[in-house]
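Below is one structure, written out as C-alpha cells; comments come after it.
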Amino acid sequence: MAHSRREFLKIAGISGLGLCLPASTGLISAIAATPAAGPPPKPLAALKAQRWAMAVNISKCKVDCADCIAACHLEHNVPDFGKTKDSIRWITSQPYPVVFPGVAKPRLPGESKPLLLPVLCNHCDNPPCVRVCPTGATFKRADGITLMDYHRCIGCRFCMAACPYGSRSMNYRDPRPFVRKLNPGYPPRTIGVVEKCNFCEEKLARGMLPACVTACRQKALVFGDIKDANSEIRRALNSGFSLRRRPELGTGPQVHYIL
Amino acid sequence: MKLYGGWKIIAGLIFFLLVVTFPFWYGGLKATPPPDLKLDTPAIGQLAEKRCIEDAAFMRANHMKLLVKWQDLVVREGIRSYAATDGKVYQISLTASCLGCHSNKDKFCDRCHDYTGVKPKCYSCHILPKEVP
C-alpha cells in the first residue's frame with residue numbers, strides 16, 4: 001500500500017505524540033506520589049500580625065549611628081561592595097531631601113549637619129514591584145510583607161525600575177567573596193539576583209523582632225502590627241505627626257517617619 | 001531505482017551514523033561503576049533506625065521534587081516544618097535537616113550528581129556548614 005505524503009505525516013505525528021505520552025504520565029504519577037503533609041505543622045511561637053509595619057522615630061535617630069544597617073547586613077549576609085553604584089543595600093541612610101523630596105524645605109532647622117534618615121523597603125500595600133515581576137518571584141504575603149523568592153528571580157530588574165524608593169539592589173557580581181562574616185542562618189544570594197529588605201521574616205518566624213529594631217540603641221525603630229490598636233507601633237504613631245515616603249504615588253508605603 | 005550520486009549519500013549516511021553513535025563505541029562497553037555513596041557520617045551513626053525522612057526508594061526518586069516543594073512551603077507559604085508519612089515532623093531546611101545528617105556532601109550528594117551529570121544550583125546560595133569559618 002502506497003502512502004500519500006499527507007497520510008505519512010499524520011502517522012508520524014501520532015507516533016510522535018505516543019512517544020511523549022509515557023514520559024508525561026510518569027511525571028504526573030511521580031508528582032502525585034509526593035506524600036501529602038499531615039496535620040498543619042505548628043511553627044515555634046512565631047510572631048504573627050494582620051499587617052506588619054515599621055515606624056522611625058526621627059527625633060531619636062542619631063545622625064552618625066549605623067547600628068541598624070550593620071545589624072541587618074550582618075544578619076542577611078549582605079555583601080559589601082563599598083560605595084559603588086552597584087552596592088547592595090537592604091537598609092541605608094539617605095539625606096532628608098532625598099527621602100522626602102516633596103516636602104523638603106530649602107532651610108532645615110538643623111542645617112549645619114545633614115539630617116540622615118534610615119530608608120528600607122516600604123512593604124507597600126500596593127507594591128509596584130510585585131505587579132511587574134514576570135516570574136512571581138516577588139510576592140505579597142497576607143501579613144503585608146513584600147517578600148522575594150530568590151529561587152525564582154531571573155534578574156530582569158523590572159522591580160528595580162518599578163520601585164519608586166530604590167529599595168532594591170541587583171547582584172551584578174558574585175556576592176559571596178564580599179560577605180564579611182558569613183551568617184549560616186540565612187543563605188546569601190548569587191549573581192544575577194535582585195534582593196531587598198524582608199522585614200526579617202525569618203526572624204519573625206522564630207519569634208524575634210527584626211534585626212534593625214533590636215540593634216537600635218536609641219529605640220528609634222518601632223515594629224508591630226498596625227492593624228492592632230494596642231500595638232507598640234500604633235502607640236508610637238499616636239504620639240505625633242508622621243510622614244510616609246511619596247504617598248501620592250498610591251503605593252501605600254508602611255514605613256512611617258514620626259517627626 | 002536509480003540513486004543519483006549514490007556513493008555520496010551512502011558515505012554521508014555512514015558518517016552520520018558514526019557521529020551519532022560516537023558515545024557508544026567511544027565509551028566502548030566499559031561500564032562506569034555506580035557511585036559509591038557514603039552514609040558513615042557521625043549524625044547517621046547515632047540514628048537508631050537508619051532511615052531518611054521518607055524511605056530510601058522514595059528519597060532516591062523524589063528528593064528533588066521534595067526540595068522544590070519545601071522551598072515553596074518555606075518561602076511562599078511560611079510553613080517551616082514537614083510531616084513525613086510516618087507522622088514524624090521535621091524542620092524544613094536544606095542545610096540544617098538534610099546536611100545535618102548528610103554532612104559529607106562531597107561523598108554523598110556530589111558523587112551521584114556527578115555520575116548522572118546533573119548540576120543542581122542549590123549551593124550557589126545555600127551555605128555548607130563547613131564553609132562557615
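Residues in the C-alpha cells are numbered from 1 in each chain, the chains being A, B, ... in the order shown, and ligands are numbered from 1 in the order shown.
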Residues near Asp55 in chain B, cut-off 10 Å, only C-alpha atoms, skip fewer than 3 positions along chain, as an mmCIF file with C-alpha atoms, in the first residue's frame:
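Result written to selection.cif:
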data_model
loop_
_atom_site.group_PDB
_atom_site.id
_atom_site.type_symbol
_atom_site.label_atom_id
_atom_site.label_comp_id
_atom_site.auth_asym_id
_atom_site.auth_seq_id
_atom_site.Cartn_x
_atom_site.Cartn_y
_atom_site.Cartn_z
ATOM 1 C CA LYS B 50 18.908 4.110 59.614
ATOM 2 C CA ARG B 51 16.145 5.818 57.699
ATOM 3 C CA CYS B 52 15.857 9.151 55.936
ATOM 4 C CA PHE B 58 11.179 7.443 47.659
ATOM 5 C CA MET B 59 14.039 9.744 48.565
ATOM 6 C CA ARG B 60 16.189 8.404 45.741
ATOM 7 C CA ALA B 84 6.584 12.781 56.975
ATOM 8 C CA THR B 85 4.305 9.901 56.003
ATOM 9 C CA ASP B 86 5.176 8.085 59.240
#
Considering only C-alpha atoms, return as a compact mmCIF listing (two decimals) with N, CA and C atoms, in the first residue's frame whatever protein or nucleic-acid residues lie within 7 Å of Tyr96 in chain A, sequence-local ones (same chain, fewer than 3 positions apart) excluded.
# COMPACT_ATOMS: atom_id res chain seq x y z
N VAL A 99 14.86 61.58 50.94
CA VAL A 99 13.82 60.71 51.47
C VAL A 99 12.45 61.34 51.25
N PHE A 100 12.35 62.65 51.47
CA PHE A 100 11.07 63.33 51.30
C PHE A 100 11.20 64.46 50.29
N LEU A 115 20.76 65.94 57.83
CA LEU A 115 19.87 65.03 58.54
C LEU A 115 19.73 63.75 57.72
N LEU A 116 20.22 62.67 58.28
CA LEU A 116 20.16 61.38 57.59
C LEU A 116 19.05 60.54 58.20
N LEU A 117 18.27 59.89 57.34
CA LEU A 117 17.20 59.04 57.82
C LEU A 117 17.41 57.62 57.32
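Excluding Gly102 in chain A and any residue on its chain fewer than 5 positions from it, the residues at most 10 Å away by only C-alpha atoms are A:Pro97, A:Arg245, A:Arg246, A:Pro247, A:Glu248.
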Can those selected residues be exported to a file as a PDB file, in the first residue's frame so that it contains N, CA and C atoms?
ATOM      1  N   PRO A  97      16.233  65.521  52.199  1.00  0.00           N
ATOM      2  CA  PRO A  97      15.607  65.927  50.938  1.00  0.00           C
ATOM      3  C   PRO A  97      15.467  64.783  49.927  1.00  0.00           C
ATOM      4  N   ARG A 245       6.915  57.983  52.808  1.00  0.00           N
ATOM      5  CA  ARG A 245       7.648  58.418  51.623  1.00  0.00           C
ATOM      6  C   ARG A 245       6.726  58.392  50.404  1.00  0.00           C
ATOM      7  N   ARG A 246       6.590  59.514  49.758  1.00  0.00           N
ATOM      8  CA  ARG A 246       5.865  59.680  48.493  1.00  0.00           C
ATOM      9  C   ARG A 246       4.511  58.957  48.475  1.00  0.00           C
ATOM     10  N   PRO A 247       3.642  59.273  49.428  1.00  0.00           N
ATOM     11  CA  PRO A 247       2.355  58.573  49.454  1.00  0.00           C
ATOM     12  C   PRO A 247       1.473  58.926  48.255  1.00  0.00           C
ATOM     13  N   GLU A 248       1.792  60.068  47.591  1.00  0.00           N
ATOM     14  CA  GLU A 248       0.970  60.490  46.447  1.00  0.00           C
ATOM     15  C   GLU A 248       1.038  59.494  45.294  1.00  0.00           C
TER      16      GLU A 248
END
When you get a sec, could you note down which chain B residues fall within 9 Å of chain A, using only C-alpha atoms, as a PDB file with C-alpha atoms, in the first residue's frame?
ATOM      1  CA  PHE B  58      11.179   7.443  47.659  1.00  0.00           C
ATOM      2  CA  ALA B  61      13.492   9.093  43.177  1.00  0.00           C
ATOM      3  CA  ASN B  62      11.839  12.191  44.593  1.00  0.00           C
ATOM      4  CA  LYS B  65      10.725  17.261  43.980  1.00  0.00           C
ATOM      5  CA  LEU B  66      10.526  17.270  47.764  1.00  0.00           C
ATOM      6  CA  GLN B  71      11.338  25.795  49.100  1.00  0.00           C
ATOM      7  CA  ASP B  72       7.818  26.886  48.152  1.00  0.00           C
ATOM      8  CA  VAL B  75       9.398  30.966  51.256  1.00  0.00           C
ATOM      9  CA  ARG B  76       5.927  31.372  49.855  1.00  0.00           C
ATOM     10  CA  GLU B  77       3.657  29.839  52.493  1.00  0.00           C
ATOM     11  CA  GLY B  78       5.743  30.334  55.612  1.00  0.00           C
ATOM     12  CA  ILE B  79       5.415  26.658  56.632  1.00  0.00           C
ATOM     13  CA  ARG B  80       8.667  25.559  58.206  1.00  0.00           C
ATOM     14  CA  SER B  81       8.026  22.009  59.288  1.00  0.00           C
ATOM     15  CA  TYR B  82       7.321  18.869  57.319  1.00  0.00           C
ATOM     16  CA  ALA B  83       5.207  15.979  58.490  1.00  0.00           C
ATOM     17  CA  ALA B  84       6.584  12.781  56.975  1.00  0.00           C
ATOM     18  CA  THR B  85       4.305   9.901  56.003  1.00  0.00           C
ATOM     19  CA  GLY B  87       3.961  11.092  61.243  1.00  0.00           C
ATOM     20  CA  VAL B  89       7.751  16.151  61.975  1.00  0.00           C
ATOM     21  CA  THR B  95      21.376  22.995  55.446  1.00  0.00           C
ATOM     22  CA  SER B 124      25.256  28.830  44.657  1.00  0.00           C
ATOM     23  CA  CYS B 125      23.322  30.450  47.530  1.00  0.00           C
ATOM     24  CA  HIS B 126      22.874  27.953  50.361  1.00  0.00           C
ATOM     25  CA  ILE B 127      25.847  27.651  52.652  1.00  0.00           C
ATOM     26  CA  LEU B 128      27.519  24.398  53.512  1.00  0.00           C
ATOM     27  CA  PRO B 129      28.019  24.260  57.284  1.00  0.00           C
ATOM     28  CA  GLU B 131      32.041  26.906  54.732  1.00  0.00           C
ATOM     29  CA  VAL B 132      31.291  28.981  57.806  1.00  0.00           C
ATOM     30  CA  PRO B 133      34.564  29.945  59.484  1.00  0.00           C
TER      31      PRO B 133
END
(request) Take CA of Leu259 in chain A and CA of Cys65 in chain A and report the distance between them in Å, one decimal. (result) 18.2 Å
(message) as a list in words, please: the residues near range 211-223 of chain A (cut-off 8 Å, only C-alpha atoms, same-chain neighbours under 2 positions excluded).
(response) Trp52, Ala53, Met54, Ala55, Val56, Asn57, Ile58, Ser59, Lys60, Cys61, Lys62, Asp67, Cys68, Ile69, Ala71, Cys72, Glu75, Cys200, Lys203, Leu209, Asp225, Glu232, Ile233 and Ala236 of chain A
Written file, previous selection with N, CA and C atoms, as a PDB file, in the first residue's frame:
ATOM      1  N   TRP A  52       2.135  43.892  59.201  1.00  0.00           N
ATOM      2  CA  TRP A  52       3.374  44.375  59.777  1.00  0.00           C
ATOM      3  C   TRP A  52       3.693  45.763  59.237  1.00  0.00           C
ATOM      4  N   ALA A  53       4.233  46.605  60.092  1.00  0.00           N
ATOM      5  CA  ALA A  53       4.642  47.941  59.667  1.00  0.00           C
ATOM      6  C   ALA A  53       5.773  48.398  60.576  1.00  0.00           C
ATOM      7  N   MET A  54       6.469  49.430  60.123  1.00  0.00           N
ATOM      8  CA  MET A  54       7.575  49.967  60.913  1.00  0.00           C
ATOM      9  C   MET A  54       7.428  51.472  61.041  1.00  0.00           C
ATOM     10  N   ALA A  55       7.886  51.989  62.162  1.00  0.00           N
ATOM     11  CA  ALA A  55       7.908  53.438  62.353  1.00  0.00           C
ATOM     12  C   ALA A  55       9.315  53.851  62.746  1.00  0.00           C
ATOM     13  N   VAL A  56       9.757  54.974  62.207  1.00  0.00           N
ATOM     14  CA  VAL A  56      11.075  55.511  62.524  1.00  0.00           C
ATOM     15  C   VAL A  56      10.859  56.800  63.300  1.00  0.00           C
ATOM     16  N   ASN A  57      11.339  56.807  64.509  1.00  0.00           N
ATOM     17  CA  ASN A  57      11.201  58.000  65.329  1.00  0.00           C
ATOM     18  C   ASN A  57      12.391  58.917  65.024  1.00  0.00           C
ATOM     19  N   ILE A  58      12.145  59.921  64.173  1.00  0.00           N
ATOM     20  CA  ILE A  58      13.255  60.724  63.652  1.00  0.00           C
ATOM     21  C   ILE A  58      13.994  61.447  64.774  1.00  0.00           C
ATOM     22  N   SER A  59      13.239  61.912  65.778  1.00  0.00           N
ATOM     23  CA  SER A  59      13.887  62.695  66.834  1.00  0.00           C
ATOM     24  C   SER A  59      14.857  61.836  67.648  1.00  0.00           C
ATOM     25  N   LYS A  60      14.622  60.525  67.691  1.00  0.00           N
ATOM     26  CA  LYS A  60      15.520  59.657  68.462  1.00  0.00           C
ATOM     27  C   LYS A  60      16.694  59.164  67.636  1.00  0.00           C
ATOM     28  N   CYS A  61      16.562  59.176  66.311  1.00  0.00           N
ATOM     29  CA  CYS A  61      17.590  58.592  65.444  1.00  0.00           C
ATOM     30  C   CYS A  61      18.831  59.475  65.442  1.00  0.00           C
ATOM     31  N   LYS A  62      19.987  58.851  65.722  1.00  0.00           N
ATOM     32  CA  LYS A  62      21.230  59.613  65.764  1.00  0.00           C
ATOM     33  C   LYS A  62      21.866  59.664  64.380  1.00  0.00           C
ATOM     34  N   ASP A  67      24.021  51.461  63.448  1.00  0.00           N
ATOM     35  CA  ASP A  67      23.843  50.152  64.078  1.00  0.00           C
ATOM     36  C   ASP A  67      22.834  49.293  63.329  1.00  0.00           C
ATOM     37  N   CYS A  68      21.724  49.927  62.912  1.00  0.00           N
ATOM     38  CA  CYS A  68      20.669  49.164  62.241  1.00  0.00           C
ATOM     39  C   CYS A  68      21.180  48.586  60.924  1.00  0.00           C
ATOM     40  N   ILE A  69      21.967  49.404  60.203  1.00  0.00           N
ATOM     41  CA  ILE A  69      22.480  48.966  58.903  1.00  0.00           C
ATOM     42  C   ILE A  69      23.443  47.795  59.108  1.00  0.00           C
ATOM     43  N   ALA A  71      23.641  45.718  61.640  1.00  0.00           N
ATOM     44  CA  ALA A  71      22.980  44.513  62.139  1.00  0.00           C
ATOM     45  C   ALA A  71      22.232  43.808  61.019  1.00  0.00           C
ATOM     46  N   CYS A  72      21.529  44.581  60.191  1.00  0.00           N
ATOM     47  CA  CYS A  72      20.755  43.985  59.100  1.00  0.00           C
ATOM     48  C   CYS A  72      21.674  43.286  58.112  1.00  0.00           C
ATOM     49  N   GLU A  75      23.091  40.133  59.527  1.00  0.00           N
ATOM     50  CA  GLU A  75      22.083  39.084  59.651  1.00  0.00           C
ATOM     51  C   GLU A  75      21.806  38.416  58.301  1.00  0.00           C
ATOM     52  N   CYS A 200      12.749  40.965  58.049  1.00  0.00           N
ATOM     53  CA  CYS A 200      13.261  39.851  58.856  1.00  0.00           C
ATOM     54  C   CYS A 200      12.208  38.765  59.063  1.00  0.00           C
ATOM     55  N   LYS A 203      13.260  35.902  61.042  1.00  0.00           N
ATOM     56  CA  LYS A 203      13.357  36.096  62.493  1.00  0.00           C
ATOM     57  C   LYS A 203      11.961  36.128  63.112  1.00  0.00           C
ATOM     58  N   LEU A 209      12.079  39.952  66.880  1.00  0.00           N
ATOM     59  CA  LEU A 209      11.841  41.189  66.139  1.00  0.00           C
ATOM     60  C   LEU A 209      12.948  41.376  65.101  1.00  0.00           C
ATOM     61  N   ASP A 225       2.220  45.378  64.620  1.00  0.00           N
ATOM     62  CA  ASP A 225       1.008  45.173  63.833  1.00  0.00           C
ATOM     63  C   ASP A 225       0.221  46.484  63.789  1.00  0.00           C
ATOM     64  N   GLU A 232       2.527  48.430  69.841  1.00  0.00           N
ATOM     65  CA  GLU A 232       3.533  49.447  70.126  1.00  0.00           C
ATOM     66  C   GLU A 232       3.617  50.468  68.993  1.00  0.00           C
ATOM     67  N   ILE A 233       3.503  49.986  67.765  1.00  0.00           N
ATOM     68  CA  ILE A 233       3.639  50.906  66.633  1.00  0.00           C
ATOM     69  C   ILE A 233       2.466  51.882  66.582  1.00  0.00           C
ATOM     70  N   ALA A 236       3.107  54.494  69.075  1.00  0.00           N
ATOM     71  CA  ALA A 236       4.145  55.408  68.598  1.00  0.00           C
ATOM     72  C   ALA A 236       3.558  56.376  67.560  1.00  0.00           C
TER      73      ALA A 236
END
Which polymer residues have any atom within 8 Å of an atom of range 21-38 of chain B, counting only C-alpha atoms, with same-chain residues fewer than 2 positions away left out, as a PDB file with N, CA and C atoms, in the first residue's frame?
ATOM      1  N   LEU B  17      25.868   8.179  10.950  1.00  0.00           N
ATOM      2  CA  LEU B  17      25.662   7.152  11.972  1.00  0.00           C
ATOM      3  C   LEU B  17      26.858   7.046  12.913  1.00  0.00           C
ATOM      4  N   LEU B  18      28.051   7.180  12.336  1.00  0.00           N
ATOM      5  CA  LEU B  18      29.242   7.122  13.176  1.00  0.00           C
ATOM      6  C   LEU B  18      29.236   8.237  14.216  1.00  0.00           C
ATOM      7  N   VAL B  19      28.883   9.440  13.770  1.00  0.00           N
ATOM      8  CA  VAL B  19      28.886  10.581  14.697  1.00  0.00           C
ATOM      9  C   VAL B  19      27.822  10.392  15.763  1.00  0.00           C
ATOM     10  N   ASP B  40      28.379   7.150  56.248  1.00  0.00           N
ATOM     11  CA  ASP B  40      29.059   6.912  57.520  1.00  0.00           C
ATOM     12  C   ASP B  40      29.324   8.207  58.297  1.00  0.00           C
ATOM     13  N   THR B  41      28.397   9.163  58.232  1.00  0.00           N
ATOM     14  CA  THR B  41      28.608  10.393  58.995  1.00  0.00           C
ATOM     15  C   THR B  41      28.261  10.159  60.457  1.00  0.00           C
ATOM     16  N   ASN B 104      28.449  14.851  54.645  1.00  0.00           N
ATOM     17  CA  ASN B 104      29.503  14.563  53.669  1.00  0.00           C
ATOM     18  C   ASN B 104      28.956  14.779  52.257  1.00  0.00           C
ATOM     19  N   LYS B 107      30.766  13.270  49.363  1.00  0.00           N
ATOM     20  CA  LYS B 107      30.793  11.812  49.218  1.00  0.00           C
ATOM     21  C   LYS B 107      29.391  11.233  49.090  1.00  0.00           C
ATOM     22  N   PHE B 108      28.375  12.091  49.162  1.00  0.00           N
ATOM     23  CA  PHE B 108      27.012  11.573  49.045  1.00  0.00           C
ATOM     24  C   PHE B 108      26.282  12.261  47.902  1.00  0.00           C
ATOM     25  N   ARG B 111      28.607  12.749  44.508  1.00  0.00           N
ATOM     26  CA  ARG B 111      29.005  11.557  43.752  1.00  0.00           C
ATOM     27  C   ARG B 111      27.909  11.111  42.814  1.00  0.00           C
ATOM     28  N   CYS B 112      26.666  11.137  43.299  1.00  0.00           N
ATOM     29  CA  CYS B 112      25.564  10.690  42.454  1.00  0.00           C
ATOM     30  C   CYS B 112      25.235  11.746  41.393  1.00  0.00           C
ATOM     31  N   TYR B 115      27.745  11.416  38.708  1.00  0.00           N
ATOM     32  CA  TYR B 115      27.515  10.192  37.942  1.00  0.00           C
ATOM     33  C   TYR B 115      26.389  10.396  36.938  1.00  0.00           C
TER      34      TYR B 115
END
(request) Would you please give, as an MDAnalysis selection string, all residues of chain B that DSSP assigns to strand (DSSP E) based on the backbone? (result) chainID B and resid 81:83 89:91
(request) Figure out the distance between CA of Gly192 in chain A and CA of Met170 in chain A, please, to one decimal in Å. (result) 6.8 Å
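For the atom pair formed by CA of Ser231 in chain A and CA of Leu47 in chain A, the distance is 12.8 Å, given to one decimal.
The residues of range 4-57 of chain B that DSSP classifies as helix (DSSP H, G or I), using the backbone of this structure, are B:Gly6, B:Trp7, B:Lys8, B:Ile9, B:Ile10, B:Ala11, B:Gly12, B:Leu13, B:Ile14, B:Phe15, B:Phe16, B:Leu17, B:Leu18, B:Val19, B:Val20, B:Phe22, B:Pro23, B:Phe24, B:Trp25, B:Tyr26, B:Gly27, B:Pro42, B:Ala43, B:Ile44, B:Gly45, B:Ala56, B:Ala57.
The shortest atom-to-atom distance to His76 in chain A, with only C-alpha atoms taken into account, belongs to A:Asn198 out of A:Ser242, A:Asn171, A:Asn198, A:Gln254.
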